[in-house]
>>> print(open('start.txt').read())   # compact mmCIF, C-alpha atoms and all ligand atoms
# COMPACT_ATOMS: atom_id res chain seq x y z
CA MET A 8 67.27 -20.38 132.05
CA SER A 9 70.56 -22.30 132.29
CA ALA A 10 73.59 -20.71 134.00
CA PRO A 11 76.28 -19.33 131.64
CA LEU A 12 79.25 -21.63 131.02
CA PRO A 13 82.38 -20.58 132.94
CA GLY A 14 84.87 -18.72 130.75
CA ARG A 15 88.12 -20.28 129.56
CA LEU A 16 90.05 -18.24 132.14
CA ALA A 17 87.60 -18.50 135.04
CA GLY A 18 89.34 -18.22 138.42
CA LYS A 19 92.61 -16.99 136.88
CA VAL A 20 94.45 -13.79 137.77
CA ALA A 21 96.14 -12.01 134.86
CA LEU A 22 98.56 -9.09 134.93
CA VAL A 23 98.83 -7.18 131.63
CA THR A 24 101.48 -4.47 131.20
CA GLY A 25 100.99 -1.44 128.94
CA ALA A 26 97.24 -2.05 129.00
CA GLY A 27 96.13 1.48 129.83
CA ARG A 28 95.86 2.97 126.36
CA ARG A 29 92.57 3.01 124.45
CA GLY A 30 92.76 1.05 121.22
CA GLY A 31 96.02 -0.66 122.28
CA LEU A 32 96.81 -4.37 122.13
CA GLY A 33 97.07 -4.53 125.95
CA ALA A 34 93.57 -3.14 126.46
CA ALA A 35 92.19 -5.65 123.91
CA ILE A 36 93.99 -8.55 125.62
CA ALA A 37 92.71 -7.49 129.05
CA ARG A 38 89.19 -7.19 127.65
CA ARG A 39 89.14 -10.71 126.18
CA PHE A 40 90.69 -12.10 129.39
CA ILE A 41 88.02 -10.54 131.62
CA GLU A 42 85.27 -11.69 129.25
CA GLU A 43 86.70 -15.20 129.74
CA GLY A 44 86.38 -14.85 133.52
CA ALA A 45 89.84 -13.69 134.65
CA ASP A 46 90.59 -11.03 137.25
CA ILE A 47 92.81 -8.36 135.70
CA VAL A 48 95.68 -6.28 137.04
CA LEU A 49 95.87 -3.46 134.53
CA THR A 50 99.23 -1.74 134.55
CA ASP A 51 100.75 1.08 132.53
CA LEU A 52 103.17 3.94 132.99
CA GLY A 53 100.52 6.38 134.24
CA ARG A 54 102.63 9.53 134.06
CA PRO A 55 105.20 11.17 131.76
CA ALA A 56 108.66 9.71 132.40
CA GLY A 57 111.28 11.52 130.38
CA PRO A 58 111.38 13.43 127.09
CA LEU A 59 110.34 10.49 124.87
CA LEU A 60 107.80 8.88 127.21
CA ASP A 61 105.21 11.61 127.42
CA GLY A 62 102.11 13.04 125.77
CA ASP A 63 100.58 10.82 123.13
CA ASN A 64 102.99 7.91 123.63
CA ILE A 65 101.85 6.62 127.03
CA GLY A 66 98.83 5.42 128.94
CA THR A 67 98.10 8.10 131.58
CA LEU A 68 96.46 7.41 134.93
CA ASP A 69 93.15 8.89 133.67
CA GLU A 70 93.26 6.71 130.56
CA MET A 71 94.10 3.63 132.65
CA HIS A 72 91.02 4.21 134.82
CA ALA A 73 88.87 4.79 131.73
CA VAL A 74 90.12 1.50 130.21
CA ALA A 75 89.43 -0.23 133.56
CA GLN A 76 85.83 1.03 133.52
CA GLY A 77 85.45 -0.31 129.99
CA LEU A 78 86.75 -3.70 131.20
CA MET A 79 84.20 -3.81 134.01
CA ALA A 80 81.43 -3.01 131.51
CA ALA A 81 82.71 -5.79 129.22
CA ALA A 82 82.73 -8.23 132.16
CA ARG A 83 79.12 -7.40 133.04
CA ALA A 84 78.05 -7.75 129.39
CA ALA A 85 79.72 -11.19 129.25
CA ASP A 86 78.28 -12.34 132.61
CA SER A 87 81.85 -12.66 133.87
CA PRO A 88 82.75 -12.34 137.57
CA GLY A 89 86.12 -10.77 136.63
CA ARG A 90 87.42 -7.82 138.63
CA VAL A 91 90.00 -5.13 137.79
CA HIS A 92 92.83 -3.66 139.85
CA VAL A 93 94.77 -0.69 138.41
CA SER A 94 98.49 -0.36 139.19
CA ALA A 95 100.75 2.31 137.69
CA CYS A 96 104.21 0.85 137.04
CA ASP A 97 107.24 1.80 134.98
CA VAL A 98 108.40 -1.58 133.64
CA ARG A 99 112.04 -0.37 133.69
CA ASP A 100 112.00 0.11 137.47
CA GLU A 101 112.81 -3.08 139.42
CA ALA A 102 111.29 -1.84 142.70
CA ALA A 103 108.08 -0.77 140.91
CA VAL A 104 107.77 -4.15 139.16
CA ALA A 105 108.24 -6.02 142.47
CA LYS A 106 105.59 -3.76 144.05
CA THR A 107 103.06 -4.37 141.25
CA VAL A 108 103.50 -8.15 141.51
CA ALA A 109 103.06 -7.90 145.32
CA GLU A 110 99.95 -5.72 144.81
CA THR A 111 98.53 -8.36 142.46
CA VAL A 112 98.88 -11.04 145.12
CA ALA A 113 97.46 -8.71 147.79
CA ALA A 114 94.46 -7.85 145.58
CA PHE A 115 93.62 -11.30 144.19
CA GLY A 116 95.70 -13.84 146.16
CA GLN A 117 97.78 -15.21 143.27
CA ILE A 118 99.13 -14.59 139.77
CA ASP A 119 98.42 -17.10 137.02
CA ILE A 120 99.05 -15.18 133.80
CA LEU A 121 101.57 -12.48 132.94
CA VAL A 122 101.39 -10.64 129.62
CA ASN A 123 104.46 -8.52 128.87
CA ASN A 124 102.85 -6.12 126.41
CA ALA A 125 104.29 -2.66 127.24
CA GLY A 126 106.52 -1.53 124.42
CA VAL A 127 108.09 1.41 122.65
CA GLY A 128 107.78 1.33 118.85
CA PHE A 129 107.88 5.01 118.03
CA VAL A 130 111.66 5.39 117.75
CA MET A 131 112.16 5.29 113.98
CA ARG A 132 115.59 6.33 112.81
CA PRO A 133 118.43 4.79 110.79
CA LEU A 134 121.07 3.14 112.99
CA ILE A 135 123.74 5.66 111.95
CA GLU A 136 121.56 8.47 113.39
CA LEU A 137 120.20 6.75 116.50
CA SER A 138 121.09 8.36 119.86
CA MET A 139 122.09 6.38 122.95
CA GLU A 140 119.04 7.77 124.73
CA GLU A 141 116.73 6.34 122.04
CA TRP A 142 118.53 2.99 121.89
CA ASN A 143 118.50 2.61 125.68
CA LEU A 144 114.83 3.56 126.03
CA VAL A 145 113.73 0.89 123.54
CA GLN A 146 115.88 -1.85 125.13
CA GLU A 147 114.80 -0.89 128.65
CA VAL A 148 111.06 -0.92 127.97
CA ASN A 149 110.92 -3.78 125.44
CA LEU A 150 113.49 -6.15 126.97
CA ARG A 151 114.46 -5.20 130.52
CA GLY A 152 110.74 -4.73 131.40
CA PRO A 153 109.75 -8.29 130.36
CA PHE A 154 112.86 -9.64 132.15
CA LEU A 155 111.91 -7.87 135.41
CA PHE A 156 108.27 -8.97 135.28
CA THR A 157 109.33 -12.53 134.40
CA LYS A 158 111.69 -12.49 137.40
CA TYR A 159 109.11 -11.34 139.97
CA ALA A 160 105.95 -12.96 138.58
CA GLY A 161 108.00 -16.10 137.81
CA ARG A 162 109.22 -16.26 141.43
CA ARG A 163 105.63 -16.06 142.63
CA MET A 164 104.55 -18.77 140.16
CA VAL A 165 107.35 -21.02 141.46
CA GLN A 166 106.16 -20.46 145.05
CA GLN A 167 102.58 -21.22 144.03
CA HIS A 168 103.77 -24.41 142.32
CA GLU A 169 105.49 -25.49 145.55
CA GLY A 170 102.14 -24.91 147.29
CA GLY A 171 100.48 -27.44 144.96
CA TRP A 172 99.31 -25.06 142.21
CA SER A 173 100.09 -25.62 138.55
CA GLY A 174 99.54 -23.97 135.21
CA GLY A 175 101.26 -20.56 135.06
CA ARG A 176 101.44 -18.67 131.80
CA ILE A 177 103.80 -15.96 130.58
CA ILE A 178 103.06 -14.38 127.20
CA ASN A 179 105.44 -11.90 125.61
CA ILE A 180 104.11 -9.56 122.93
CA ALA A 181 106.96 -9.52 120.43
CA SER A 182 106.41 -8.50 116.79
CA LYS A 183 106.94 -9.43 113.17
CA GLY A 184 110.08 -7.36 113.80
CA ALA A 185 111.25 -10.14 116.15
CA LYS A 186 111.91 -12.35 113.11
CA SER A 187 112.69 -9.97 110.27
CA ALA A 188 114.50 -6.72 109.56
CA ILE A 189 112.69 -3.40 109.17
CA ALA A 190 114.66 -0.32 108.05
CA ASP A 191 114.63 2.51 110.65
CA PHE A 192 113.59 0.05 113.38
CA GLY A 193 117.05 -1.17 114.46
CA ALA A 194 116.55 -0.69 118.20
CA TYR A 195 113.03 -2.12 118.05
CA ALA A 196 113.93 -5.18 115.96
CA ALA A 197 116.96 -5.89 118.18
CA SER A 198 114.82 -5.67 121.34
CA LYS A 199 112.10 -7.92 119.91
CA HIS A 200 114.62 -10.49 118.60
CA GLY A 201 116.04 -10.42 122.15
CA LEU A 202 112.57 -10.94 123.59
CA LEU A 203 112.32 -14.25 121.72
CA GLY A 204 115.61 -15.33 123.35
CA LEU A 205 114.23 -14.37 126.76
CA THR A 206 111.02 -16.28 125.98
CA ARG A 207 112.94 -19.48 125.15
CA VAL A 208 115.23 -19.37 128.19
CA ALA A 209 112.31 -18.60 130.53
CA ALA A 210 110.34 -21.47 128.95
CA LEU A 211 113.22 -23.84 129.64
CA GLU A 212 113.79 -22.69 133.21
CA LEU A 213 110.14 -22.51 134.31
CA ALA A 214 108.82 -25.67 132.63
CA ARG A 215 109.51 -27.80 135.71
CA TYR A 216 107.20 -25.50 137.69
CA GLY A 217 104.29 -25.96 135.30
CA VAL A 218 104.74 -22.51 133.74
CA THR A 219 104.61 -22.10 129.95
CA VAL A 220 106.29 -19.11 128.28
CA ASN A 221 105.42 -18.10 124.72
CA ALA A 222 105.61 -15.08 122.46
CA VAL A 223 103.05 -13.64 120.05
CA CYS A 224 104.33 -11.87 116.93
CA PRO A 225 101.75 -9.53 115.40
CA ASN A 226 102.34 -7.56 112.21
CA HIS A 227 101.08 -3.98 111.85
CA VAL A 228 98.01 -2.99 113.87
CA THR A 229 96.82 0.63 113.88
CA THR A 230 97.07 1.38 117.61
CA GLY A 231 98.53 4.61 119.05
CA LEU A 232 101.99 3.18 118.40
CA GLY A 233 100.98 1.82 114.98
CA ALA A 234 99.59 5.21 113.91
CA ARG A 235 102.97 6.84 114.58
CA GLN A 236 104.62 4.19 112.40
CA ASN A 237 102.14 4.82 109.56
CA GLN A 238 102.95 8.54 109.57
CA HIS A 239 106.67 7.77 109.44
CA ARG A 240 106.25 5.26 106.60
CA GLY A 241 104.07 7.73 104.68
CA GLN A 242 106.77 10.41 104.89
CA ARG A 243 109.45 7.93 103.86
CA MET A 244 107.45 6.56 100.90
CA GLY A 245 105.90 9.90 99.81
CA LYS A 246 102.40 8.48 100.42
CA THR A 247 99.39 9.41 102.53
CA VAL A 248 98.59 7.30 105.60
CA ASP A 249 95.58 5.81 103.73
CA GLU A 250 97.85 4.83 100.84
CA VAL A 251 100.34 3.27 103.28
CA LEU A 252 97.56 1.23 104.90
CA ALA A 253 96.18 0.11 101.52
CA TYR A 254 99.68 -0.96 100.45
CA ARG A 255 100.24 -2.81 103.73
CA ALA A 256 97.00 -4.77 103.29
CA THR A 257 98.24 -5.98 99.89
CA GLN A 258 101.27 -7.52 101.66
CA VAL A 259 99.05 -9.73 103.84
CA PRO A 260 97.98 -12.98 102.14
CA LEU A 261 94.71 -13.01 104.09
CA GLY A 262 93.96 -9.61 102.60
CA ARG A 263 93.42 -7.31 105.56
CA LEU A 264 95.35 -5.53 108.28
CA GLY A 265 95.62 -7.01 111.77
CA ARG A 266 93.30 -5.91 114.56
CA PRO A 267 93.92 -5.79 118.33
CA GLU A 268 91.37 -8.60 118.72
CA ASP A 269 93.50 -10.95 116.56
CA THR A 270 96.38 -10.69 119.04
CA ALA A 271 93.98 -10.87 121.99
CA GLU A 272 92.47 -14.17 120.74
CA ALA A 273 95.94 -15.70 120.37
CA CYS A 274 96.68 -14.66 123.97
CA VAL A 275 93.45 -16.21 125.27
CA PHE A 276 94.43 -19.48 123.60
CA LEU A 277 98.00 -19.43 124.97
CA ALA A 278 96.68 -18.54 128.46
CA SER A 279 94.07 -21.30 128.42
CA GLU A 280 94.25 -24.95 129.42
CA ALA A 281 94.10 -25.83 125.69
CA ALA A 282 97.71 -24.59 125.30
CA SER A 283 99.16 -26.46 128.29
CA PHE A 284 101.64 -28.44 126.11
CA ILE A 285 102.94 -25.43 124.16
CA THR A 286 105.99 -23.59 125.42
CA GLY A 287 108.96 -21.64 124.01
CA GLU A 288 107.03 -20.80 120.83
CA ALA A 289 106.78 -17.54 118.91
CA MET A 290 103.35 -17.53 117.25
CA ASN A 291 102.83 -15.25 114.23
CA VAL A 292 99.53 -13.36 114.14
CA SER A 293 100.09 -11.71 110.79
CA GLY A 294 97.57 -13.01 108.24
CA GLY A 295 100.45 -14.90 106.63
CA GLU A 296 102.66 -11.83 106.06
CA GLU A 297 105.56 -13.47 107.89
CA MET A 298 105.92 -15.92 104.95
CA ARG A 299 106.93 -13.09 102.60
N1 LIG B 1 100.73 -1.93 116.85
C1 LIG B 1 101.54 -2.70 116.17
O1 LIG B 1 101.61 -2.60 114.94
C2 LIG B 1 102.36 -3.75 116.85
C3 LIG B 1 102.86 -4.81 116.09
C4 LIG B 1 103.64 -5.78 116.70
C5 LIG B 1 103.90 -5.70 118.04
N2 LIG B 1 103.39 -4.66 118.78
C6 LIG B 1 103.72 -4.64 120.21
O2 LIG B 1 102.52 -4.63 120.95
C7 LIG B 1 102.75 -4.02 122.21
C8 LIG B 1 101.65 -3.00 122.47
O3 LIG B 1 101.76 -1.94 121.53
P1 LIG B 1 100.52 -1.12 120.95
O4 LIG B 1 100.63 -1.17 119.47
O5 LIG B 1 99.26 -1.56 121.61
O6 LIG B 1 100.91 0.37 121.35
P2 LIG B 1 100.48 1.30 122.56
O7 LIG B 1 101.32 2.52 122.47
O8 LIG B 1 99.00 1.45 122.59
O9 LIG B 1 100.92 0.43 123.83
C9 LIG B 1 102.20 0.47 124.39
C10 LIG B 1 102.01 0.72 125.87
O10 LIG B 1 103.28 0.59 126.52
C11 LIG B 1 103.29 1.53 127.55
N3 LIG B 1 104.62 1.83 128.01
C12 LIG B 1 105.62 2.46 127.34
N4 LIG B 1 106.69 2.61 128.14
C13 LIG B 1 106.36 2.06 129.33
C14 LIG B 1 107.05 1.92 130.57
N5 LIG B 1 108.29 2.38 130.73
N6 LIG B 1 106.41 1.31 131.59
C15 LIG B 1 105.14 0.87 131.44
N7 LIG B 1 104.44 0.98 130.30
C16 LIG B 1 105.05 1.58 129.26
C17 LIG B 1 102.60 2.77 126.97
O11 LIG B 1 102.14 3.65 127.98
C18 LIG B 1 101.47 2.14 126.17
O12 LIG B 1 100.28 2.04 126.90
C19 LIG B 1 104.15 -3.42 122.15
O13 LIG B 1 105.05 -4.29 122.82
C20 LIG B 1 104.45 -3.39 120.67
O14 LIG B 1 105.82 -3.45 120.40
C21 LIG B 1 102.62 -3.70 118.22
>>> encode(input="start.txt", output="structure tokens")
Amino acid sequence: MSAPLPGRLAGKVALVTGAGRRGGLGAAIARRFIEEGADIVLTDLGRPAGPLLDGDNIGTLDEMHAVAQGLMAAARAADSPGRVHVSACDVRDEAAVAKTVAETVAAFGQIDILVNNAGVGFVMRPLIELSMEEWNLVQEVNLRGPFLFTKYAGRRMVQQHEGGWSGGRIINIASKGAKSAIADFGAYAASKHGLLGLTRVAALELARYGVTVNAVCPNHVTTGLGARQNQHRGQRMGKTVDEVLAYRATQVPLGRLGRPEDTAEACVFLASEAASFITGEAMNVSGGEEMR
């Protein structure tokens, strides 16, 4: 029997934020990365952190470990040598971000791929009713978090480049809301528009070190976060969640809703050697909905 071909990310070390929630985009991205041979640093919040970041909105430590076990099973099923290291980290906390990047290097010796996926999308309120606490939370998780991880992982990638290494990748999970307006999502849309600005500046600054920086812009996917949005839309439109989902599918030219795997495949491509000449882009993964 011939040996399996090495995966597209064989020998790479990938850190994925917000990856500790079952059914989330981060968990799907980490799964496809480990199937392609990467070692994974799985990070998430791990514990309640304030009145809005608790309960059903976060990946707890138990859930992170359960997702990690699922990743190891996926690696074995794919004949991948990939390993998993779990690191709880609040992406808003500069010291915690620096520690998680240092832990990554201690665990696996390097960092090749950073996916800024952690995000808050459950604050849904008209701008004239939005509290400072809600506004700040969304900006801090969705924009300051990616900035901090770009700063510390980027520094490490620069050092690695000076040691003769090349080929770093930073992927920011933005949104359809990074390019268009959505009522009741003012803080979210502003943070995701900002994330595209961060993506472009980081792409410009890190290009000389062989690091590409791109964003992925998915439309609706029914994750934990997506389910909260469906309930809100249903209330606003006077429809059931099933009716909301059926309506949403009609808005997608390719005729179905997005799945976590759609975003994960785009990330595998952007992380792979095949995308080495692509930087500063914001790729839609929306079945064509962005054209509307
Ligand atoms: N689901 C969608 O429809 C959709 C569409 C476009 C973009 N996105 C983006 O995809 C990303 C993942 O979202 P998802 O839909 O998988 O939802 P999700 O709720 O499953 O994932 C978000 C994760 O972010 C984590 N998080 C929140 N605050 C954090 C903090 N302070 N520090 C560390 N982690 C924190 C949560 O614990 C959670 O695991 C988000 O950036 C979201 O904006 C989602």
>>> closest_residue(input="start.txt", among="A:Ala35, A:Met131, A:Val220, A:Ile285", to="ligand LIG 1 (chain B)", atoms="all atoms listed in the file")
A:Ala35
>>> residues_near_ligand(input="start.txt", ligand="ligand LIG 1 (chain B)", cutoff="8 Å", atoms="only C-alpha atoms and all ligand atoms", output="number ranges by chain")
A: 24-34, 50-53, 56, 60, 64-67, 95-99, 123-128, 147-149, 152, 180-184, 195, 199, 224-234, 236, 267
>>> atom_distance(input="start.txt", atom1="atom CA of A:Leu121", atom2="atom CA of A:Glu212")
15.9 Å
>>> atom_distance(input="start.txt", atom1="atom CA of A:Gly245", atom2="atom CA of A:Val130")
19.4 Å
>>> closest_residue(input="start.txt", among="A:Val223, A:Ala113, A:Ala21, A:Ile189", to="A:Leu203", atoms="all atoms listed in the file")
A:Val223
>>> residues_around(input="start.txt", residues="A:Ser283", least_positions_apart="4", cutoff="9 Å", atoms="only C-alpha atoms", output="mmCIF file with C-alpha atoms, in the frame of the given file")
data_model
loop_
_atom_site.group_PDB
_atom_site.id
_atom_site.type_symbol
_atom_site.label_atom_id
_atom_site.label_comp_id
_atom_site.auth_asym_id
_atom_site.auth_seq_id
_atom_site.Cartn_x
_atom_site.Cartn_y
_atom_site.Cartn_z
ATOM 1 C CA GLY A 174 99.540 -23.970 135.210
ATOM 2 C CA ARG A 176 101.440 -18.670 131.800
ATOM 3 C CA GLY A 217 104.290 -25.960 135.300
ATOM 4 C CA VAL A 218 104.740 -22.510 133.740
ATOM 5 C CA THR A 219 104.610 -22.100 129.950
ATOM 6 C CA LEU A 277 98.000 -19.430 124.970
ATOM 7 C CA ALA A 278 96.680 -18.540 128.460
ATOM 8 C CA SER A 279 94.070 -21.300 128.420
#
>>> atom_distance(input="start.txt", atom1="atom CA of A:His92", atom2="atom CA of A:Gly18")
15.0 Å
>>> closest_residue(input="start.txt", among="A:Met139, A:Ala271, A:Val93, A:Ala197", to="A:Glu110", atoms="only C-alpha atoms")
A:Val93
>>> closest_residue(input="start.txt", among="A:Asp100, A:Val74, A:Leu150, A:Phe156", to="A:His200", atoms="only C-alpha atoms")
A:Leu150
>>> closest_residue(input="start.txt", among="A:Pro153, A:Gly170, A:Pro55, A:Pro133", to="A:Leu202", atoms="all atoms listed in the file")
A:Pro153
>>> closest_residue(input="start.txt", among="A:Leu137, A:Tyr254, A:Trp172, A:Ala289", to="A:Gly204", atoms="only C-alpha atoms")
A:Ala289
>>> axis_aligned_box(input="start.txt", around="stretch 197-201 of chain A", padding_each_side="8 Å", output="JSON")
{"center_x": 114.5, "center_y": -8.1, "center_z": 120.2, "size_x": 20.9, "size_y": 20.8, "size_z": 20.0}
